[in-house]
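Read the structure below first, then the notes.
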Amino acid sequence: MAEAADFQGMSPSPARRWLRRSGALLAGVPLLAGLLQLPGHTSAYAADKTSVAKATGSSTVDVSVDSLSPSAPTDGDTLTVSGSVTNNGKQTVTDAHVGLRVGPSLNSRSAIDSAAKRTGFQAGLDPSEVGGKYVAKFSKLASGVSQRFSISVPVKELDLGSEGVYQLGVSLAGRTAAQPWEQILGIQRTFLPWQPGEVDTKTKTTYLWPLISTVHLTAETGSDEQQTPVFQNDDLAKEISPGGRLDQLLSLGSALDVTWVLDPDLLASVDAMRDSYRIQGENRTTTPGRNQAVAKAWLDRLEKTVQDKKVVALPFADPDLASLAHNGKNVTGSLSHLKDATDVASSTVDTILHVKPSTDFAWPADGAVDPSIVKVATSAGADKVIARSDSLRETDGLPYTPSAARPIGGGTTAVVADARLSTAFQGDMTKADSSTLAVQEFLAQSLMINLQDPDAQRSIVVAPQRMPSASQAQTMAQALGALQDGNWSEAQDLSTAAKAKPDPGATTKVPSGSSYPSSLRKQELPRAAFEQIQATQTRLDNFQVILTDKSRVVTPFGRAIDRGMSTSWRGAASQAETFRKGVKSYLDGLTGLVHLIDKSDAKLSGRSATIPVTVQNNLVQGVDNLVLRLTSNKPNRLKIGDGPYAEQPIRVAGEHSQSVKFTTSAEANGPVEVVAQLYTEDGQAYGPKVTFEVKVTEITATVMLVIGGGVLLLVLAGFRMYTQRKRAAARQAEEPANSPEAEAVNTDAAGTVNTEDTEGDADGPSGKSGAEPGADGPEHPSDPTPDTAPESTDPSGTGERVDR
């Protein structure tokens, strides 16, 4: 940032006149000025062998300035400076007192920077004490001991001249046994902004007040109708509880004229806490959350606070624009996540807070930009990028700080926040002295901007750290309150600042990618993170097409994917990866609830059969738009339907199962591997396949003919037996009951006709057979009797039957 030269036409202050009277030699030889001390008003400082000792000894006592009030005094005020002194030396300090040293006035922002960095007392650069009764005295200060002090002095006694930024030194002078003369043993420097009256042209200052937190919600929700949300922990409740970080940011910001910058994910998370919610534990267990009242109270206060105030909504979950630009833009689908996060931002804020936010601002991490970041930042609809002056640096040597708005081409405006003011409160503000010094330096830099060119109207933007701590927020509020009560600045919202007329000499060239800070690049999400996010999105896309109520899954998982890209993961790479893996794992678990039931091997012993396959749906909602395909890996042995595979549509109600039967036909013997696989209607495989074996036996055409022939022979044999019985029965019925023929006909109990003679025939009265051997009896005594009589060669008589 270019700095202004000394102000022309300003009358020198008394402190400056004192410095000039100190001697031209000291002014022209800074090194000598650092080694020598000049005589003061009432105390004589040795200028010979004590000067070096005093230069090194001015850090013996630590001087802490814990409060300075008022921060920007005007005529008639009394300045009160309070703090403590601590003896860090080995010897007791005696005859000590704390005094104030005011002046000289500084003439540039760089001079303020230099003064803030100086340590130790430097004669010629540190003026003499105000002296007199405006000191705090200590008879002795033992080693390692601290004592409090407070000095009040009317501003008129400080002999300040014209408006400006004055150095204010608080020093301790005393003696030690080794050096029994008065010397400066400790000093602390700060700044005193002096603008006693209203300026003609005030600087318009925009201060961004961010309400942003880390990721708290998981993708998991309950299976109940309300889909009870599950939080990673209960840390958000601590932040919004009384005294918590977000509670203090809300309370402090409500008393200031600021532009609220909100992450819609924070609002959605607190809103989710207003009803039933659960806290994630170990082994996927959860416990009920109990801070509903705290969440409701915080949101109610926020809603009342932001009414009629300027509200800027970042894309949902505050995605890391630089990481997207450098590592994610070439991963398919990554930029679409930014568009979705931007689209949902406005509706989220409007629904919860009932205000319409601006969504046309993009805010890269630390305001660092390069062409790729600007391109990505504006790809989702934003046309204004909040940059910072240590990234978009001035190159034309302007003698003043230009306004924030800069056209950078393509219809995009860079709103360049002032780096010094934006980073003023990034340190440890838990200590009172650190907080006080930060406030005074902030006010000094702000006044100096106005004094650089008092007649030029300028719009300055301050973009502090995204997630200030509670102590940082308190310090910010103290400084901003003093600024808004001051005489040189007036508040302005961000949209108005973005529309301000740009300074014609201000730089509009976005720096190249090679100038992007390496410290920030190391914190970015890697390409692997975006590939993992996209893999989860692809799985979600395949899952949602089968659901009858997509919103129960798409909304929580879509927002969880946004959270995986959050800027809040910078510096927390392992936690970010754990979160992304958790989202994917939970999605895998849900998709696995719709699956095929495993099948055991089967045996097919016929030419055709049906094979059942069961689909199980353990989700609470129904699934549709699924297709089940059954495939034979050897269709020459086993066909499914009319070919190698067959498909059937699937629709299963929630917490139910469905069995589907496929018709098969056998072509040849042998084992066949059969695969069952679910597909979505667009042809994407869903879930793991199920493989089983079907053993095909006794199914060739020849075997089937043999089996058929055997069955036919059995049928014919049975028919023959039936007709024989029927004819025998009919013949018996036609003959007289006492006829020899009737007597010769007998039937057994089973109805089998027996034609064996029971008496001898006409060949002999004795019944002995007169036939040839072998006709009626055995030829030899040992021969068996034939089963039937010998067949006659004579023609049969009428009605005679011959059985064969």
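Identifiers in the structure tokens: chain A, B, ... in order shown; residue index from 1 per chain; ligand index from 1 in order shown.
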
Mind checking DSSP for region 323-443 of chain A and telling me the alpha helix (DSSP H) residues as a PyMOL selection string? chain A and resi 323+334-353+371-377+419-422+432-443

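All residues of protein, DNA or RNA that reach within 8 Å of Phe121 (chain A), judged by only C-alpha atoms and not counting those fewer than 2 positions away in the chain, are Ala55, Ser58, Thr119, Ala123, Asp126, Ile184, Gly186 and Ile187 of chain A.
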
Would you mind exporting the chosen residues as a PDB file, in the first residue's frame, restricted to N, CA and C atoms?
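In the end it all went to part_6.pdb:
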```
ATOM      1  N   ALA A  55      20.613   1.913  27.214  1.00  0.00           N
ATOM      2  CA  ALA A  55      20.014   1.364  26.003  1.00  0.00           C
ATOM      3  C   ALA A  55      19.695  -0.105  26.175  1.00  0.00           C
ATOM      4  N   SER A  58      16.798  -0.765  29.191  1.00  0.00           N
ATOM      5  CA  SER A  58      15.421  -0.279  29.124  1.00  0.00           C
ATOM      6  C   SER A  58      14.410  -1.400  28.930  1.00  0.00           C
ATOM      7  N   THR A 119      11.393  -1.451  19.988  1.00  0.00           N
ATOM      8  CA  THR A 119      11.488  -1.891  21.382  1.00  0.00           C
ATOM      9  C   THR A 119      12.595  -1.119  22.075  1.00  0.00           C
ATOM     10  N   ALA A 123      16.562   7.520  22.685  1.00  0.00           N
ATOM     11  CA  ALA A 123      16.639   8.974  22.838  1.00  0.00           C
ATOM     12  C   ALA A 123      16.509   9.628  21.474  1.00  0.00           C
ATOM     13  N   ASP A 126      12.048   8.995  21.331  1.00  0.00           N
ATOM     14  CA  ASP A 126      11.078   9.009  22.425  1.00  0.00           C
ATOM     15  C   ASP A 126      11.168  10.349  23.130  1.00  0.00           C
ATOM     16  N   ILE A 184      15.941   4.973  32.275  1.00  0.00           N
ATOM     17  CA  ILE A 184      14.728   4.325  31.759  1.00  0.00           C
ATOM     18  C   ILE A 184      14.949   2.818  31.788  1.00  0.00           C
ATOM     19  N   GLY A 186      12.196   0.602  31.468  1.00  0.00           N
ATOM     20  CA  GLY A 186      11.143  -0.086  30.704  1.00  0.00           C
ATOM     21  C   GLY A 186      10.250   0.913  30.004  1.00  0.00           C
ATOM     22  N   ILE A 187       9.751   0.554  28.827  1.00  0.00           N
ATOM     23  CA  ILE A 187       8.881   1.444  28.085  1.00  0.00           C
ATOM     24  C   ILE A 187       7.948   0.630  27.194  1.00  0.00           C
TER      25      ILE A 187
END
```

Residue neighbourhood Ser657 (chain A), 7 Å, only C-alpha atoms, exclusion window fewer than 5 positions, as a list in words: Thr614, Val615, Gln616, Asn617 and Val652 of chain A

Could you jot down the CA of Asp224 (chain A) to CA of Asp263 (chain A) separation for me, Å, one decimal place? 27.8 Å

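Comparing the minimum interatomic distances between Ala368 (chain A) and each of A:Ile533, A:Val416, A:Leu590, A:Ala313, counting only C-alpha atoms, we find that A:Val416 sits nearest.
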
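We find CA of Glu531 (chain A) and CA of Gly513 (chain A) to be spaced 22.6 Å apart.
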